[in-house]
Amino acid sequence: MSVRERFENDLQSVQQELLHLCNKSIDALELAFKAFTEKNIDLALEIIDMDIEINRLEEEINDRVILLIAKQQPVARDLRRLMVMVKASADMERVGDYAVNIAKETIRIGKEPFITPIETLEDMHFRTVSMLRQILEAFVEENTTKAKEIADLDDQVDELYGDTVSNLLRLTSVSTENISQITYLSFIARYIERCADHATNIAEHLFYLVKGEHYELNN
């Protein structure tokens, strides 16, 4: 096996590990929201434990990329690919962190009934998970057209987030006894919105990989 072939194999191996990290983080986000909607405290606690594996995967990807750069001294597109994988793994590790945060807010809410309908939060979550799944497909295919669509979806999530926060702010004046839950719900909305932002970040990383230039997709 030539040096180039070995390097290509190593690249593919790191990318597969990145995809594994991404899927673990998205799964954690979906399970965290399921725990929230079902008030499932046991499941919320499992999400917190899952984060250990997600963090380990990110650290392993970083270590492997550093080793490849040191041993192979890649240039141009190969170097961009390695740097993009490091950045994407950091973004997806943050998605895992936000899943943990949602789980913790779920534990704080406990078995209390929701003081307001959560359909908007459900819509935000659905769109955000769709964004994350789509950017994974775009990343594997190196499809910048699909990546650009992610930014358009992010605008929709941002609008839903604004509606959610406005509704919760109105509740603070008429439901002062429920300030704690209002705060927890607003945090959950923010965590979901941030996950959508990280999907957009990965879309921007993909543009950099393919075109060699930095693009801001959400001006």
# chains A, B, ... in the order shown; residues from 1 in each chain; ligands from 1
>>> residues_around(residues="Thr183 of chain A", least_positions_apart="4", cutoff="10 Å", atoms="only C-alpha atoms", output="list in words")
Glu105, Val165, Leu168, Leu169, Thr172, Asn178, Ile179, Phe187, Ile188 and Ala189 of chain A
>>> residues_around(residues="segment 55-68 of chain A", least_positions_apart="5", cutoff="10 Å", atoms="only C-alpha atoms", output="VMD selection string")
chain A and resid 7 10 to 11 13 to 15 17 to 18 20 to 22 24 to 25 50 73 to 74 79 81 to 83 85 to 94 96 to 97
>>> residues_around(residues="segment 134-149 of chain A", least_positions_apart="4", cutoff="8 Å", atoms="only C-alpha atoms", output="mmCIF file with all heavy atoms, in the first residue's frame")
data_model
loop_
_atom_site.group_PDB
_atom_site.id
_atom_site.type_symbol
_atom_site.label_atom_id
_atom_site.label_comp_id
_atom_site.auth_asym_id
_atom_site.auth_seq_id
_atom_site.Cartn_x
_atom_site.Cartn_y
_atom_site.Cartn_z
ATOM 1 N N LEU A 19 -18.751 10.720 11.602
ATOM 2 C CA LEU A 19 -20.169 10.427 11.346
ATOM 3 C C LEU A 19 -20.787 9.686 12.530
ATOM 4 O O LEU A 19 -21.955 9.914 12.871
ATOM 5 C CB LEU A 19 -20.316 9.612 10.066
ATOM 6 C CG LEU A 19 -19.923 10.334 8.769
ATOM 7 C CD1 LEU A 19 -20.038 9.390 7.580
ATOM 8 C CD2 LEU A 19 -20.785 11.575 8.552
ATOM 9 N N CYS A 22 -21.483 12.284 15.092
ATOM 10 C CA CYS A 22 -22.645 13.079 14.688
ATOM 11 C C CYS A 22 -23.946 12.350 14.982
ATOM 12 O O CYS A 22 -24.892 12.931 15.536
ATOM 13 C CB CYS A 22 -22.561 13.410 13.199
ATOM 14 S SG CYS A 22 -21.209 14.520 12.742
ATOM 15 N N SER A 130 -34.010 17.713 11.518
ATOM 16 C CA SER A 130 -33.972 17.582 10.054
ATOM 17 C C SER A 130 -32.743 18.273 9.486
ATOM 18 O O SER A 130 -32.063 17.739 8.595
ATOM 19 C CB SER A 130 -35.237 18.175 9.430
ATOM 20 O OG SER A 130 -36.379 17.444 9.806
ATOM 21 N N LEU A 153 -33.390 26.802 6.374
ATOM 22 C CA LEU A 153 -34.137 26.163 7.453
ATOM 23 C C LEU A 153 -33.830 26.818 8.799
ATOM 24 O O LEU A 153 -34.701 26.916 9.663
ATOM 25 C CB LEU A 153 -33.793 24.671 7.513
ATOM 26 C CG LEU A 153 -34.299 23.799 6.359
ATOM 27 C CD1 LEU A 153 -33.698 22.403 6.450
ATOM 28 C CD2 LEU A 153 -35.818 23.725 6.376
ATOM 29 N N ALA A 199 -25.691 23.296 13.056
ATOM 30 C CA ALA A 199 -25.898 22.687 11.738
ATOM 31 C C ALA A 199 -25.462 23.661 10.644
ATOM 32 O O ALA A 199 -24.807 23.274 9.664
ATOM 33 C CB ALA A 199 -27.365 22.297 11.557
ATOM 34 N N THR A 200 -25.800 24.930 10.815
ATOM 35 C CA THR A 200 -25.382 25.949 9.851
ATOM 36 C C THR A 200 -23.865 26.104 9.846
ATOM 37 O O THR A 200 -23.249 26.288 8.788
ATOM 38 C CB THR A 200 -26.048 27.303 10.171
ATOM 39 O OG1 THR A 200 -27.469 27.134 10.144
ATOM 40 C CG2 THR A 200 -25.658 28.358 9.149
ATOM 41 N N ILE A 202 -21.692 23.799 10.332
ATOM 42 C CA ILE A 202 -21.131 22.686 9.567
ATOM 43 C C ILE A 202 -21.338 22.919 8.070
ATOM 44 O O ILE A 202 -20.468 22.592 7.254
ATOM 45 C CB ILE A 202 -21.740 21.349 10.019
ATOM 46 C CG1 ILE A 202 -21.365 21.080 11.481
ATOM 47 C CG2 ILE A 202 -21.254 20.197 9.137
ATOM 48 C CD1 ILE A 202 -22.034 19.867 12.082
ATOM 49 N N ALA A 203 -22.467 23.505 7.711
ATOM 50 C CA ALA A 203 -22.695 23.856 6.305
ATOM 51 C C ALA A 203 -21.618 24.829 5.816
ATOM 52 O O ALA A 203 -21.096 24.692 4.699
ATOM 53 C CB ALA A 203 -24.080 24.461 6.134
ATOM 54 N N GLU A 204 -21.274 25.796 6.648
ATOM 55 C CA GLU A 204 -20.218 26.745 6.289
ATOM 56 C C GLU A 204 -18.860 26.058 6.187
ATOM 57 O O GLU A 204 -18.058 26.363 5.296
ATOM 58 C CB GLU A 204 -20.181 27.880 7.308
ATOM 59 C CG GLU A 204 -21.402 28.776 7.252
ATOM 60 C CD GLU A 204 -21.440 29.832 8.351
ATOM 61 O OE1 GLU A 204 -20.585 29.764 9.268
ATOM 62 O OE2 GLU A 204 -22.307 30.717 8.285
ATOM 63 N N LEU A 206 -18.423 23.037 5.247
ATOM 64 C CA LEU A 206 -18.452 22.282 4.002
ATOM 65 C C LEU A 206 -18.122 23.180 2.812
ATOM 66 O O LEU A 206 -17.384 22.778 1.900
ATOM 67 C CB LEU A 206 -19.817 21.616 3.816
ATOM 68 C CG LEU A 206 -19.996 20.800 2.530
ATOM 69 C CD1 LEU A 206 -18.926 19.717 2.414
ATOM 70 C CD2 LEU A 206 -21.387 20.178 2.493
ATOM 71 N N PHE A 207 -18.654 24.397 2.819
ATOM 72 C CA PHE A 207 -18.323 25.347 1.755
ATOM 73 C C PHE A 207 -16.812 25.607 1.725
ATOM 74 O O PHE A 207 -16.201 25.683 0.653
ATOM 75 C CB PHE A 207 -19.085 26.658 1.936
ATOM 76 C CG PHE A 207 -20.373 26.718 1.170
ATOM 77 C CD1 PHE A 207 -21.530 26.145 1.692
ATOM 78 C CD2 PHE A 207 -20.447 27.323 -0.074
ATOM 79 C CE1 PHE A 207 -22.722 26.183 0.991
ATOM 80 C CE2 PHE A 207 -21.626 27.370 -0.787
ATOM 81 C CZ PHE A 207 -22.776 26.800 -0.253
ATOM 82 N N VAL A 210 -15.022 22.563 0.157
ATOM 83 C CA VAL A 210 -15.212 22.382 -1.285
ATOM 84 C C VAL A 210 -14.633 23.539 -2.092
ATOM 85 O O VAL A 210 -13.993 23.338 -3.131
ATOM 86 C CB VAL A 210 -16.716 22.197 -1.602
ATOM 87 C CG1 VAL A 210 -16.956 22.170 -3.104
ATOM 88 C CG2 VAL A 210 -17.226 20.916 -0.957
ATOM 89 N N LEU A 217 -23.357 31.840 5.776
ATOM 90 C CA LEU A 217 -24.626 31.459 5.156
ATOM 91 C C LEU A 217 -25.827 32.092 5.854
ATOM 92 O O LEU A 217 -26.943 32.016 5.346
ATOM 93 C CB LEU A 217 -24.781 29.938 5.176
ATOM 94 C CG LEU A 217 -23.712 29.175 4.390
ATOM 95 C CD1 LEU A 217 -23.961 27.673 4.489
ATOM 96 C CD2 LEU A 217 -23.689 29.619 2.933
#
>>> residues_around(residues="Ala99 of chain A", least_positions_apart="3", cutoff="7 Å", atoms="only C-alpha atoms", output="count of residues only")
7
>>> closest_residue(among="A:Val100, A:Ala70, A:Leu31, A:Ile41", to="Ile54 of chain A", atoms="only C-alpha atoms")
A:Val100
>>> residues_around(residues="Gly212 of chain A", least_positions_apart="6", cutoff="9 Å", atoms="only C-alpha atoms", output="list in words")
Ala76, Arg77 and Arg80 of chain A
>>> atom_distance(atom1="atom CA of Cys195 of chain A", atom2="atom CA of Phe126 of chain A")
11.6 Å
>>> atom_distance(atom1="atom CA of Arg108 of chain A", atom2="atom CA of Thr176 of chain A")
17.5 Å
>>> atom_distance(atom1="atom CA of Gly110 of chain A", atom2="atom CA of Glu46 of chain A")
15.2 Å
>>> residues_around(residues="Arg127 of chain A", least_positions_apart="5", cutoff="9 Å", atoms="only C-alpha atoms", output="PyMOL selection string")
chain A and resi 122+132+153-154+156-157+196
>>> closest_residue(among="A:His125, A:Lys211, A:Lys71, A:Lys39", to="Lys104 of chain A", atoms="only C-alpha atoms")
A:Lys39
>>> residues_around(residues="Thr116 of chain A", least_positions_apart="2", cutoff="9 Å", atoms="only C-alpha atoms", output="list in words")
Pro113, Phe114, Ile118, Asn167, Leu168, Leu171 and Ile182 of chain A
>>> closest_residue(among="A:Asp51, A:Ile109, A:Ile150, A:Leu185", to="Arg133 of chain A", atoms="only C-alpha atoms")
A:Ile150
>>> closest_residue(among="A:Asp197, A:Glu8, A:Glu112, A:Asp49", to="Ala151 of chain A", atoms="only C-alpha atoms")
A:Asp197
>>> closest_residue(among="A:Ile115, A:Ile52, A:Glu159, A:Leu209", to="Ser180 of chain A", atoms="only C-alpha atoms")
A:Ile115
